[in-house]
$ cat run06.tsv   # TSV, C-alpha atoms
chain	number	residue	atom	x	y	z
A	1	MET	CA	0.00	0.00	0.00
A	2	ARG	CA	1.34	3.42	-0.96
A	3	VAL	CA	0.88	5.89	1.91
A	4	ILE	CA	1.73	9.56	2.44
A	5	GLY	CA	2.54	10.61	6.00
A	6	LEU	CA	2.12	14.30	6.90
A	7	MET	CA	3.76	15.85	9.94
A	8	SER	CA	4.45	19.26	11.44
A	9	GLY	CA	6.10	19.14	14.83
A	10	THR	CA	6.35	21.41	17.84
A	11	SER	CA	8.79	23.69	16.02
A	12	TYR	CA	5.97	24.39	13.49
A	13	ASP	CA	8.53	25.44	10.88
A	14	ALA	CA	7.40	23.21	8.02
A	15	ILE	CA	5.09	20.46	6.84
A	16	ASP	CA	6.91	17.23	6.05
A	17	ALA	CA	5.29	14.87	3.54
A	18	ALA	CA	6.94	11.45	3.32
A	19	ALA	CA	5.75	8.72	0.98
A	20	ALA	CA	6.30	5.02	1.45
A	21	ASP	CA	5.23	1.64	0.17
A	22	LEU	CA	4.10	-0.53	3.09
A	23	ASP	CA	3.79	-4.29	2.86
A	24	LEU	CA	2.62	-6.53	5.71
A	25	ASP	CA	3.70	-10.16	5.58
A	26	GLY	CA	2.92	-12.12	8.73
A	27	ASP	CA	4.39	-10.29	11.69
A	28	CYS	CA	6.76	-8.18	9.56
A	29	LEU	CA	5.94	-4.78	8.05
A	30	THR	CA	8.31	-3.62	5.31
A	31	LEU	CA	8.61	0.12	4.67
A	32	THR	CA	10.15	1.25	1.39
A	33	PRO	CA	10.85	5.01	1.52
A	34	LEU	CA	9.81	6.88	-1.60
A	35	GLY	CA	11.07	10.28	-0.53
A	36	LEU	CA	10.28	13.44	1.39
A	37	ILE	CA	9.18	16.93	0.54
A	38	SER	CA	9.25	19.63	3.18
A	39	ARG	CA	7.40	22.90	2.74
A	40	GLY	CA	7.60	25.80	5.16
A	41	TYR	CA	4.48	27.50	6.34
A	42	ASP	CA	3.70	30.83	4.74
A	43	GLU	CA	5.38	33.39	7.01
A	44	GLY	CA	2.11	35.15	7.74
A	45	LEU	CA	0.44	31.87	8.73
A	46	ARG	CA	3.41	30.81	10.83
A	47	SER	CA	3.39	34.15	12.66
A	48	ARG	CA	-0.33	33.88	13.38
A	49	LEU	CA	0.10	30.31	14.59
A	50	ALA	CA	2.91	31.37	16.92
A	51	ALA	CA	0.80	34.25	18.22
A	52	ALA	CA	-2.09	31.91	19.06
A	53	LEU	CA	-0.10	29.27	20.94
A	54	PRO	CA	0.06	29.08	24.75
A	55	PRO	CA	0.60	31.04	26.86
A	56	ALA	CA	-0.95	33.59	24.48
A	57	ASP	CA	-4.69	34.20	24.42
A	58	THR	CA	-6.65	33.56	21.25
A	59	THR	CA	-10.25	33.32	20.04
A	60	LEU	CA	-12.37	30.54	18.62
A	61	ALA	CA	-12.61	32.57	15.42
A	62	GLU	CA	-8.82	32.52	15.04
A	63	VAL	CA	-8.67	28.81	15.89
A	64	CYS	CA	-11.21	28.17	13.14
A	65	ARG	CA	-9.23	30.23	10.63
A	66	LEU	CA	-5.96	28.50	11.55
A	67	ASP	CA	-7.61	25.07	11.38
A	68	THR	CA	-8.78	25.83	7.86
A	69	GLU	CA	-5.61	27.45	6.56
A	70	ILE	CA	-3.34	24.77	8.03
A	71	GLY	CA	-5.64	22.12	6.57
A	72	ARG	CA	-5.21	23.74	3.16
A	73	ALA	CA	-1.44	23.85	3.60
A	74	PHE	CA	-1.36	20.16	4.53
A	75	ALA	CA	-3.56	19.42	1.52
A	76	ALA	CA	-1.17	21.22	-0.83
A	77	ALA	CA	1.76	19.23	0.59
A	78	ALA	CA	-0.15	15.97	0.11
A	79	VAL	CA	-1.02	16.80	-3.50
A	80	GLU	CA	2.62	17.61	-4.24
A	81	ALA	CA	3.83	14.43	-2.54
A	82	ASP	CA	1.37	12.30	-4.50
A	83	ARG	CA	2.49	13.88	-7.75
A	84	GLU	CA	6.24	14.07	-7.14
A	85	LEU	CA	6.90	11.01	-4.99
A	86	CYS	CA	4.08	8.57	-5.79
A	87	ASP	CA	3.47	9.13	-9.51
A	88	GLY	CA	-0.14	9.85	-8.60
A	89	GLN	CA	-0.56	6.34	-7.17
A	90	ALA	CA	-0.95	7.10	-3.44
A	91	GLU	CA	-3.76	5.18	-1.77
A	92	LEU	CA	-3.93	6.73	1.70
A	93	VAL	CA	-2.88	9.88	3.54
A	94	ALA	CA	-2.04	9.85	7.25
A	95	SER	CA	-1.99	13.35	8.73
A	96	HIS	CA	-0.73	14.16	12.20
A	97	GLY	CA	-1.85	17.77	11.89
A	98	GLN	CA	-0.42	20.64	13.92
A	99	THR	CA	-0.45	20.34	17.70
A	100	VAL	CA	-1.64	23.57	19.30
A	101	TYR	CA	-2.40	22.36	22.83
A	102	HIS	CA	-1.63	19.34	24.97
A	103	TRP	CA	-3.59	19.53	28.23
A	104	VAL	CA	-1.44	18.15	31.05
A	105	ALA	CA	-2.35	18.60	34.72
A	106	ASP	CA	-0.98	16.78	37.77
A	107	GLY	CA	0.95	14.35	35.60
A	108	GLN	CA	-2.13	13.26	33.66
A	109	VAL	CA	-3.03	14.19	30.08
A	110	HIS	CA	-6.68	15.20	29.85
A	111	GLY	CA	-6.90	16.27	26.21
A	112	THR	CA	-5.02	17.32	23.11
A	113	LEU	CA	-5.74	19.39	20.02
A	114	GLN	CA	-4.22	18.99	16.57
A	115	ILE	CA	-5.59	21.27	13.87
A	116	GLY	CA	-5.49	21.09	10.08
A	117	ARG	CA	-8.89	19.72	9.08
A	118	PRO	CA	-8.46	16.43	7.13
A	119	ALA	CA	-11.45	17.25	4.90
A	120	TRP	CA	-9.24	19.69	2.98
A	121	ILE	CA	-6.70	16.93	2.36
A	122	ALA	CA	-9.36	14.46	1.21
A	123	GLU	CA	-10.95	17.07	-1.05
A	124	ALA	CA	-7.65	18.07	-2.67
A	125	THR	CA	-6.23	14.57	-3.15
A	126	GLY	CA	-9.42	12.53	-3.52
A	127	LEU	CA	-7.84	10.03	-1.11
A	128	PRO	CA	-9.05	8.71	2.24
A	129	VAL	CA	-7.30	10.34	5.20
A	130	VAL	CA	-6.51	9.05	8.68
A	131	ALA	CA	-6.05	11.89	11.17
A	132	ASP	CA	-6.52	12.90	14.81
A	133	PHE	CA	-4.34	10.10	16.16
A	134	ARG	CA	-3.71	11.15	19.75
A	135	PRO	CA	-7.12	11.47	21.49
A	136	ARG	CA	-7.95	7.75	21.48
A	137	ASP	CA	-4.89	6.87	23.54
A	138	ILE	CA	-5.70	9.69	25.97
A	139	ALA	CA	-9.28	8.43	26.30
A	140	ALA	CA	-7.77	5.06	27.29
A	141	GLY	CA	-5.77	6.73	30.07
A	142	GLY	CA	-2.56	7.24	28.10
A	143	GLN	CA	-0.34	10.25	27.55
A	144	GLY	CA	-1.15	10.43	23.83
A	145	ALA	CA	2.61	10.77	23.26
A	146	PRO	CA	5.12	9.84	22.08
A	147	LEU	CA	3.05	7.91	19.54
A	148	VAL	CA	6.07	7.00	17.42
A	149	SER	CA	7.18	4.63	20.20
A	150	LEU	CA	5.35	1.63	18.71
A	151	VAL	CA	7.12	2.19	15.39
A	152	ASP	CA	10.45	2.62	17.20
A	153	ARG	CA	10.01	-0.68	19.03
A	154	MET	CA	9.19	-2.58	15.85
A	155	TRP	CA	12.08	-0.95	13.98
A	156	LEU	CA	14.76	-1.56	16.63
A	157	ARG	CA	13.58	-5.06	17.59
A	158	GLY	CA	16.43	-7.57	17.39
A	159	ARG	CA	19.16	-4.93	17.32
A	160	PRO	CA	22.05	-5.92	19.60
A	161	GLY	CA	22.47	-4.35	23.02
A	162	ALA	CA	19.86	-2.01	24.45
A	163	PRO	CA	19.02	0.56	21.75
A	164	ALA	CA	16.91	3.65	22.43
A	165	ALA	CA	15.27	5.86	19.80
A	166	LEU	CA	15.54	9.63	20.27
A	167	ASN	CA	13.70	12.38	18.44
A	168	LEU	CA	15.09	15.91	18.67
A	169	GLY	CA	12.26	18.18	17.56
A	170	GLY	CA	10.89	21.14	19.48
A	171	ILE	CA	10.54	18.67	22.35
A	172	ALA	CA	12.85	15.68	22.77
A	173	ASN	CA	11.33	12.23	23.26
A	174	ILE	CA	12.84	8.83	23.79
A	175	THR	CA	11.71	5.22	23.37
A	176	ALA	CA	13.62	3.09	25.86
A	177	PRO	CA	14.84	-0.48	25.30
A	178	ASP	CA	11.96	-1.85	27.42
A	179	GLY	CA	9.37	0.13	25.46
A	180	THR	CA	8.94	2.91	28.00
A	181	ALA	CA	8.57	6.20	26.12
A	182	PHE	CA	8.46	9.79	27.31
A	183	ASP	CA	9.33	13.39	26.54
A	184	THR	CA	12.67	14.24	28.13
A	185	GLY	CA	12.12	18.01	27.91
A	186	PRO	CA	13.00	20.69	25.37
A	187	ALA	CA	15.17	19.87	22.38
A	188	ASN	CA	14.90	22.95	20.16
A	189	ALA	CA	11.95	24.73	21.81
A	190	LEU	CA	13.92	27.02	24.12
A	191	LEU	CA	16.85	27.28	21.71
A	192	ASP	CA	14.60	28.54	18.93
A	193	ALA	CA	12.88	30.98	21.30
A	194	ALA	CA	16.23	32.39	22.43
A	195	VAL	CA	17.55	32.82	18.91
A	196	SER	CA	14.36	34.48	17.67
A	197	GLU	CA	14.33	36.83	20.67
A	198	ALA	CA	17.99	37.77	20.30
A	199	THR	CA	17.68	38.53	16.58
A	200	ASP	CA	14.27	40.25	16.69
A	201	GLY	CA	12.84	37.42	14.63
A	202	ARG	CA	15.43	37.56	11.84
A	203	LEU	CA	16.59	34.03	12.69
A	204	ALA	CA	14.28	31.21	13.74
A	205	TYR	CA	16.93	28.74	14.95
A	206	ASP	CA	20.66	28.33	15.59
A	207	ALA	CA	21.76	27.32	12.09
A	208	ASP	CA	24.63	24.81	12.22
A	209	GLY	CA	24.99	25.52	15.95
A	210	ASP	CA	27.01	28.66	15.14
A	211	LEU	CA	25.77	30.76	18.07
A	212	ALA	CA	26.29	27.96	20.58
A	213	ALA	CA	29.80	27.36	19.25
A	214	ARG	CA	30.71	31.02	19.88
A	215	GLY	CA	29.25	31.07	23.38
A	216	ALA	CA	30.20	29.78	26.81
A	217	VAL	CA	27.95	27.85	29.18
A	218	HIS	CA	26.74	29.95	32.12
A	219	GLU	CA	26.64	27.51	35.02
A	220	PRO	CA	24.25	29.49	37.31
A	221	LEU	CA	21.69	29.75	34.50
A	222	LEU	CA	22.12	26.06	33.70
A	223	ALA	CA	21.54	25.15	37.34
A	224	ARG	CA	18.38	27.23	37.43
A	225	LEU	CA	17.05	25.60	34.27
A	226	LEU	CA	17.88	22.10	35.50
A	227	ALA	CA	15.80	22.72	38.63
A	228	GLU	CA	12.63	22.47	36.51
A	229	PRO	CA	10.38	19.91	38.31
A	230	TYR	CA	9.36	18.21	35.05
A	231	TYR	CA	12.71	16.47	34.75
A	232	ALA	CA	12.20	14.59	38.03
A	233	LEU	CA	8.75	13.24	37.14
A	234	PRO	CA	8.53	9.49	36.52
A	235	ALA	CA	7.74	8.09	33.08
A	236	PRO	CA	5.47	7.91	31.23
A	237	LYS	CA	5.25	11.68	30.97
A	238	THR	CA	4.74	14.23	28.25
A	239	THR	CA	5.23	17.95	27.85
A	240	GLY	CA	5.27	20.63	25.17
A	241	LYS	CA	5.42	24.30	24.42
A	242	GLU	CA	2.64	24.77	26.94
A	243	LEU	CA	5.54	24.68	29.43
A	244	PHE	CA	8.74	25.38	27.49
A	245	HIS	CA	8.06	28.68	25.72
A	246	LEU	CA	9.51	32.20	25.45
A	247	PRO	CA	7.92	33.57	28.67
A	248	TYR	CA	9.36	30.53	30.51
A	249	LEU	CA	12.79	31.44	29.18
A	250	ARG	CA	12.39	35.10	30.07
A	251	THR	CA	11.54	34.12	33.64
A	252	ALA	CA	14.63	31.90	33.84
A	253	LEU	CA	16.81	34.77	32.59
A	254	ARG	CA	15.80	37.21	35.33
A	255	GLY	CA	18.97	38.45	36.94
A	256	PHE	CA	21.03	37.26	33.97
A	257	GLU	CA	20.01	39.98	31.51
A	258	ALA	CA	23.65	40.92	30.85
A	259	LEU	CA	24.42	37.52	29.35
A	260	ALA	CA	25.45	37.57	25.70
A	261	PRO	CA	22.97	35.79	23.40
A	262	GLU	CA	25.70	33.33	22.42
A	263	ASP	CA	26.14	32.33	26.06
A	264	VAL	CA	22.39	31.84	26.51
A	265	VAL	CA	22.25	29.63	23.42
A	266	ALA	CA	25.32	27.64	24.52
A	267	THR	CA	23.70	27.08	27.93
A	268	LEU	CA	20.40	25.99	26.41
A	269	THR	CA	22.23	23.62	24.07
A	270	LEU	CA	23.86	21.94	27.06
A	271	LEU	CA	20.50	21.88	28.87
A	272	THR	CA	19.04	19.77	26.06
A	273	ALA	CA	22.09	17.50	25.93
A	274	ARG	CA	22.20	17.05	29.70
A	275	THR	CA	18.50	16.26	30.14
A	276	VAL	CA	18.50	13.85	27.20
A	277	ALA	CA	21.63	12.10	28.48
A	278	ASP	CA	20.13	11.83	31.98
A	279	ALA	CA	17.06	10.19	30.44
A	280	VAL	CA	19.21	7.79	28.42
A	281	ARG	CA	21.12	6.74	31.52
A	282	SER	CA	17.89	6.25	33.45
A	283	VAL	CA	16.70	3.64	30.92
A	284	ARG	CA	20.13	1.96	30.69
A	285	ALA	CA	20.44	2.27	26.94
A	286	THR	CA	23.69	1.23	25.28
A	287	GLU	CA	22.97	2.94	21.97
A	288	VAL	CA	20.98	5.99	20.93
A	289	ILE	CA	19.48	6.29	17.44
A	290	ALA	CA	18.65	9.97	16.93
A	291	SER	CA	16.42	11.69	14.41
A	292	GLY	CA	14.70	15.04	13.98
A	293	GLY	CA	15.87	18.57	13.29
A	294	GLY	CA	18.25	18.63	16.23
A	295	THR	CA	20.51	16.11	14.51
A	296	ARG	CA	21.44	18.85	12.03
A	297	ASN	CA	22.88	20.98	14.86
A	298	PRO	CA	26.56	20.00	15.24
A	299	ALA	CA	26.89	21.84	18.56
A	300	LEU	CA	23.94	19.97	20.04
A	301	MET	CA	25.11	16.58	18.76
A	302	ALA	CA	28.65	17.20	20.06
A	303	ALA	CA	27.31	18.20	23.47
A	304	LEU	CA	25.06	15.15	23.58
A	305	ARG	CA	27.91	12.84	22.59
A	306	ALA	CA	30.06	14.33	25.37
A	307	GLU	CA	27.26	14.00	27.95
A	308	LEU	CA	26.61	10.38	27.01
A	309	GLY	CA	30.28	9.48	27.32
A	310	GLY	CA	32.08	6.62	25.67
A	311	GLY	CA	29.80	3.89	26.98
A	312	VAL	CA	26.78	4.86	24.85
A	313	ALA	CA	27.00	5.03	21.07
A	314	LEU	CA	25.19	7.91	19.35
A	315	ARG	CA	24.03	7.39	15.78
A	316	THR	CA	21.46	8.99	13.51
A	317	SER	CA	18.59	7.05	12.03
A	318	ASP	CA	20.06	7.72	8.56
A	319	GLU	CA	22.78	5.21	9.40
A	320	LEU	CA	20.07	2.55	9.78
A	321	GLY	CA	18.30	3.45	6.54
A	322	MET	CA	15.58	5.65	8.05
A	323	PRO	CA	15.94	9.26	6.83
A	324	SER	CA	16.25	11.40	9.96
A	325	ALA	CA	14.35	14.37	8.59
A	326	ALA	CA	11.42	12.16	7.55
A	327	LYS	CA	11.29	9.66	10.40
A	328	GLU	CA	8.22	11.05	12.18
A	329	ALA	CA	6.31	11.50	8.92
A	330	TYR	CA	7.11	7.87	8.02
A	331	ALA	CA	6.02	6.81	11.50
A	332	PHE	CA	2.60	8.38	11.01
A	333	ALA	CA	2.33	6.74	7.60
A	334	VAL	CA	2.79	3.43	9.46
A	335	LEU	CA	0.21	4.42	12.10
A	336	GLY	CA	-2.29	5.36	9.38
A	337	PHE	CA	-1.70	2.01	7.70
A	338	LEU	CA	-2.36	0.21	10.99
A	339	THR	CA	-5.57	2.18	11.58
A	340	LEU	CA	-6.90	1.34	8.13
A	341	HIS	CA	-6.34	-2.33	8.88
A	342	GLY	CA	-8.02	-2.13	12.27
A	343	LEU	CA	-4.73	-2.76	14.07
A	344	PRO	CA	-3.55	-1.07	17.29
A	345	GLY	CA	-1.19	1.88	16.94
A	346	THR	CA	-0.15	2.17	20.58
A	347	ASP	CA	1.78	0.21	23.12
A	348	PRO	CA	0.43	0.66	26.67
A	349	VAL	CA	3.96	0.22	28.05
A	350	SER	CA	4.95	3.35	26.15
A	351	THR	CA	2.02	5.67	26.77
A	352	GLY	CA	0.67	4.36	30.08
A	353	ALA	CA	-2.77	3.60	28.63
A	354	ARG	CA	-5.02	0.87	30.00
A	355	HIS	CA	-4.87	-1.00	26.71
A	356	ALA	CA	-3.72	-0.71	23.12
A	357	SER	CA	-5.99	1.26	20.78
A	358	VAL	CA	-6.74	1.64	17.11
A	359	LEU	CA	-5.98	5.31	16.55
A	360	GLY	CA	-7.50	8.18	14.65
A	361	SER	CA	-10.51	9.06	12.56
A	362	LEU	CA	-11.19	8.26	8.91
A	363	THR	CA	-12.23	10.81	6.28
A	364	PRO	CA	-13.39	9.27	2.97
A	365	GLY	CA	-11.91	10.26	-0.38
A	366	ARG	CA	-13.86	11.44	-3.41
A	367	PRO	CA	-17.17	9.71	-4.22
A	368	GLY	CA	-16.64	6.32	-5.80
A	369	THR	CA	-13.07	6.03	-4.51
A	370	PRO	CA	-12.85	2.72	-2.66
A	371	TRP	CA	-10.97	2.32	0.57
A	372	PRO	CA	-7.64	0.56	0.07
A	373	ARG	CA	-8.23	-3.13	0.60
A	374	PRO	CA	-7.01	-4.10	4.07
A	375	VAL	CA	-4.90	-7.17	4.55
A	376	ARG	CA	-6.16	-9.95	6.76
A	377	ALA	CA	-4.36	-9.67	10.06
A	378	SER	CA	-5.67	-10.61	13.47
A	379	GLU	CA	-2.65	-9.12	15.22
A	380	GLY	CA	-0.39	-6.22	14.40
A	381	PRO	CA	3.18	-6.54	13.11
A	382	VAL	CA	6.01	-6.89	15.62
A	383	ARG	CA	8.89	-6.02	13.28
A	384	LEU	CA	9.49	-3.10	10.93
A	385	VAL	CA	12.07	-3.49	8.17
A	386	VAL	CA	13.19	-0.42	6.24
A	387	ASP	CA	13.96	-1.36	2.65
A	388	GLY	CA	16.57	0.95	1.15
A	389	MET	CA	15.38	0.45	-2.40
A	390	GLY	CA	13.30	3.64	-2.38
A	391	HIS	CA	14.56	6.95	-3.78
A	392	GLY	CA	15.59	10.06	-1.88
A	393	GLY	CA	13.69	13.18	-0.87
A	394	ARG	CA	13.04	16.20	-3.06
$ encode --input "run06.tsv" --output "structure tokens"
Amino acid sequence: MRVIGLMSGTSYDAIDAAAADLDLDGDCLTLTPLGLISRGYDEGLRSRLAAALPPADTTLAEVCRLDTEIGRAFAAAAVEADRELCDGQAELVASHGQTVYHWVADGQVHGTLQIGRPAWIAEATGLPVVADFRPRDIAAGGQGAPLVSLVDRMWLRGRPGAPAALNLGGIANITAPDGTAFDTGPANALLDAAVSEATDGRLAYDADGDLAARGAVHEPLLARLLAEPYYALPAPKTTGKELFHLPYLRTALRGFEALAPEDVVATLTLLTARTVADAVRSVRATEVIASGGGTRNPALMAALRAELGGGVALRTSDELGMPSAAKEAYAFAVLGFLTLHGLPGTDPVSTGARHASVLGSLTPGRPGTPWPRPVRASEGPVRLVVDGMGHGGR
């Protein structure tokens, strides 16, 4: 089955559309990557999205407008992916949407909201769409995140040692060797906020880690940041930009206003590396397979490698055949495939739910377009094999 996975993460910088052929044979699911396209949000839309996110106030009217316009942007990415990567032969779209709020209180997730109405995708492509993945796991008592943990477990199964999967997006999350999965804290969220603040919005992130490389870690600021209670919470746990945002950073910087921006960025880079490494040690991993935008930051990867020490190998998912930039989009393509076949897309060990759940909602394609024919499978796959015969991204 040819599936397009759509993803925009907590950095909300772009929509990633990854296409794959998925083939289920017994307990093994084979994923053949067909490529990735990544399209940035229109700057006006991105600015309005940023202005509406917590802790800012917004209105239902603006939420409706953003839901529609982001849905149209996702639809355009899906149309392009079908044309450029699938030769017009895609059969299903799986859309994560754009997370705008994750309601966490007293260690429990009570709700979540991803916008980008799937009807726009179905209308533009004519294809059925699986979307709104997270609420079902939350309804079953889970954290609703990280949902890629099931895919990570299947993908790393049988690998020697105790491998852990790490995603470095706006928020960092880890899937431990025993299947436990949780958000470790900020990856790029505070870094991006600091860079944007320091440059009056001219720069959105620390390109190539240049600012961090020119700065020096400020130990008192680092100590203050590390005192955040979230880091001491037991897994499973999840967080987001509802906690780690620009006002949070401004509060942490009180009394340190004279710090050079480069020193702030260097300190935040080490904060991410330290909290990720602490999480890795807590799950006794012997190898870390990293993906996400943070892997393109040499300063962050060097700091993480130093924090992990020589006893834990650090690799990127590219080295295992899974394109790092597209990994989460491919993961949601897999989750959409499982939903269409009536198969669970969660692991209760990972999310803390009472039971595994079939995720998401289904939006039909154009009239007369049949649903892709599901395979007969009473149980979900336990192994994921990435076949390197696909072609690269565009």
$ residues_around --input "run06.tsv" --residues "Arg214 in chain A" --least-positions-apart "3" --cutoff "7 Å" --atoms "only C-alpha atoms" --output "CSV table (one decimal) with C-alpha atoms, in the frame of the given file"
chain,number,residue,atom,x,y,z
A,210,ASP,CA,27.0,28.7,15.1
A,211,LEU,CA,25.8,30.8,18.1
A,262,GLU,CA,25.7,33.3,22.4
$ closest_residue --input "run06.tsv" --among "A:Ala105, A:Val3, A:Val265, A:Ile138" --to "Arg354 in chain A" --atoms "all atoms listed in the file"
A:Ile138
$ closest_atom_pairs --input "run06.tsv" --of "range 101-157 of chain A" --to "range 83-89 of chain A" --cutoff "12 Å" --atoms "all atoms listed in the file" --output "CSV"
residue,atom,partner,partner_atom,distance
A:Thr125,CA,A:Gly88,CA,9.4
A:Gly126,CA,A:Gly88,CA,10.9
A:Leu127,CA,A:Gln89,CA,10.2
$ atom_distance --input "run06.tsv" --atom1 "CA of Asp25 in chain A" --atom2 "CA of Val334 in chain A"
14.2 Å
$ residues_around --input "run06.tsv" --residues "Ala353 in chain A" --least-positions-apart "4" --cutoff "8 Å" --atoms "all atoms listed in the file" --output "number ranges by chain"
A: 137-138, 140-143, 347-349
$ closest_atom_pairs --input "run06.tsv" --of "range 272-363 of chain A" --to "range 163-180 of chain A" --cutoff "6 Å" --atoms "all atoms listed in the file" --output "CSV"
residue,atom,partner,partner_atom,distance
A:Val283,CA,A:Ala176,CA,5.9
A:Ala285,CA,A:Pro163,CA,5.6
A:Thr286,CA,A:Pro163,CA,5.9
A:Glu287,CA,A:Pro163,CA,4.6
A:Val288,CA,A:Ala164,CA,4.9
A:Ile289,CA,A:Ala165,CA,4.8
A:Ala290,CA,A:Leu166,CA,4.6
A:Ser291,CA,A:Asn167,CA,4.9
A:Gly292,CA,A:Leu168,CA,4.8
A:Gly293,CA,A:Gly169,CA,5.6
A:Gly294,CA,A:Leu168,CA,4.8
A:Val349,CA,A:Thr180,CA,5.7
A:Ser350,CA,A:Thr180,CA,4.4
$ closest_residue --input "run06.tsv" --among "A:Trp155, A:Leu268, A:Ala189, A:Ala90" --to "Asp13 in chain A" --atoms "all atoms listed in the file"
A:Ala189
$ closest_residue --input "run06.tsv" --among "A:Val130, A:Ala273, A:Ala51, A:Leu308" --to "Gly185 in chain A" --atoms "all atoms listed in the file"
A:Ala273
$ atom_distance --input "run06.tsv" --atom1 "CA of Ala331 in chain A" --atom2 "CA of Tyr12 in chain A"
17.7 Å
$ decode --input "run06.tsv" --residues "range 164-176 of chain A" --atoms "N, CA, C and O atoms" --output "PDB file, in the first residue's frame"
ATOM      1  N   ALA A 164      17.995   2.707  22.163  1.00  0.00           N
ATOM      2  CA  ALA A 164      16.906   3.650  22.425  1.00  0.00           C
ATOM      3  C   ALA A 164      16.768   4.567  21.223  1.00  0.00           C
ATOM      4  O   ALA A 164      17.769   4.947  20.598  1.00  0.00           O
ATOM      5  N   ALA A 165      15.534   4.912  20.887  1.00  0.00           N
ATOM      6  CA  ALA A 165      15.273   5.856  19.798  1.00  0.00           C
ATOM      7  C   ALA A 165      15.044   7.237  20.391  1.00  0.00           C
ATOM      8  O   ALA A 165      14.340   7.388  21.400  1.00  0.00           O
ATOM      9  N   LEU A 166      15.627   8.247  19.785  1.00  0.00           N
ATOM     10  CA  LEU A 166      15.536   9.628  20.269  1.00  0.00           C
ATOM     11  C   LEU A 166      15.084  10.527  19.136  1.00  0.00           C
ATOM     12  O   LEU A 166      15.641  10.468  18.034  1.00  0.00           O
ATOM     13  N   ASN A 167      14.100  11.367  19.408  1.00  0.00           N
ATOM     14  CA  ASN A 167      13.699  12.383  18.440  1.00  0.00           C
ATOM     15  C   ASN A 167      13.993  13.754  19.015  1.00  0.00           C
ATOM     16  O   ASN A 167      13.576  14.081  20.132  1.00  0.00           O
ATOM     17  N   LEU A 168      14.717  14.566  18.252  1.00  0.00           N
ATOM     18  CA  LEU A 168      15.092  15.912  18.666  1.00  0.00           C
ATOM     19  C   LEU A 168      14.319  16.922  17.835  1.00  0.00           C
ATOM     20  O   LEU A 168      14.813  17.454  16.836  1.00  0.00           O
ATOM     21  N   GLY A 169      13.074  17.160  18.203  1.00  0.00           N
ATOM     22  CA  GLY A 169      12.263  18.178  17.560  1.00  0.00           C
ATOM     23  C   GLY A 169      12.205  19.416  18.440  1.00  0.00           C
ATOM     24  O   GLY A 169      13.188  19.802  19.062  1.00  0.00           O
ATOM     25  N   GLY A 170      11.038  20.057  18.519  1.00  0.00           N
ATOM     26  CA  GLY A 170      10.892  21.138  19.484  1.00  0.00           C
ATOM     27  C   GLY A 170      11.034  20.591  20.888  1.00  0.00           C
ATOM     28  O   GLY A 170      11.690  21.174  21.756  1.00  0.00           O
ATOM     29  N   ILE A 171      10.419  19.423  21.108  1.00  0.00           N
ATOM     30  CA  ILE A 171      10.541  18.666  22.349  1.00  0.00           C
ATOM     31  C   ILE A 171      11.286  17.379  22.034  1.00  0.00           C
ATOM     32  O   ILE A 171      11.113  16.806  20.954  1.00  0.00           O
ATOM     33  N   ALA A 172      12.138  16.931  22.952  1.00  0.00           N
ATOM     34  CA  ALA A 172      12.854  15.676  22.769  1.00  0.00           C
ATOM     35  C   ALA A 172      12.055  14.541  23.385  1.00  0.00           C
ATOM     36  O   ALA A 172      11.512  14.683  24.483  1.00  0.00           O
ATOM     37  N   ASN A 173      11.970  13.420  22.674  1.00  0.00           N
ATOM     38  CA  ASN A 173      11.334  12.232  23.258  1.00  0.00           C
ATOM     39  C   ASN A 173      12.172  11.005  22.980  1.00  0.00           C
ATOM     40  O   ASN A 173      12.945  10.954  22.017  1.00  0.00           O
ATOM     41  N   ILE A 174      12.013  10.021  23.843  1.00  0.00           N
ATOM     42  CA  ILE A 174      12.836   8.830  23.795  1.00  0.00           C
ATOM     43  C   ILE A 174      11.957   7.595  23.920  1.00  0.00           C
ATOM     44  O   ILE A 174      10.952   7.606  24.633  1.00  0.00           O
ATOM     45  N   THR A 175      12.295   6.553  23.190  1.00  0.00           N
ATOM     46  CA  THR A 175      11.712   5.224  23.372  1.00  0.00           C
ATOM     47  C   THR A 175      12.807   4.331  23.927  1.00  0.00           C
ATOM     48  O   THR A 175      13.819   4.102  23.267  1.00  0.00           O
ATOM     49  N   ALA A 176      12.605   3.852  25.149  1.00  0.00           N
ATOM     50  CA  ALA A 176      13.615   3.093  25.863  1.00  0.00           C
ATOM     51  C   ALA A 176      13.662   1.651  25.385  1.00  0.00           C
ATOM     52  O   ALA A 176      12.730   1.164  24.732  1.00  0.00           O
TER      53      ALA A 176
END
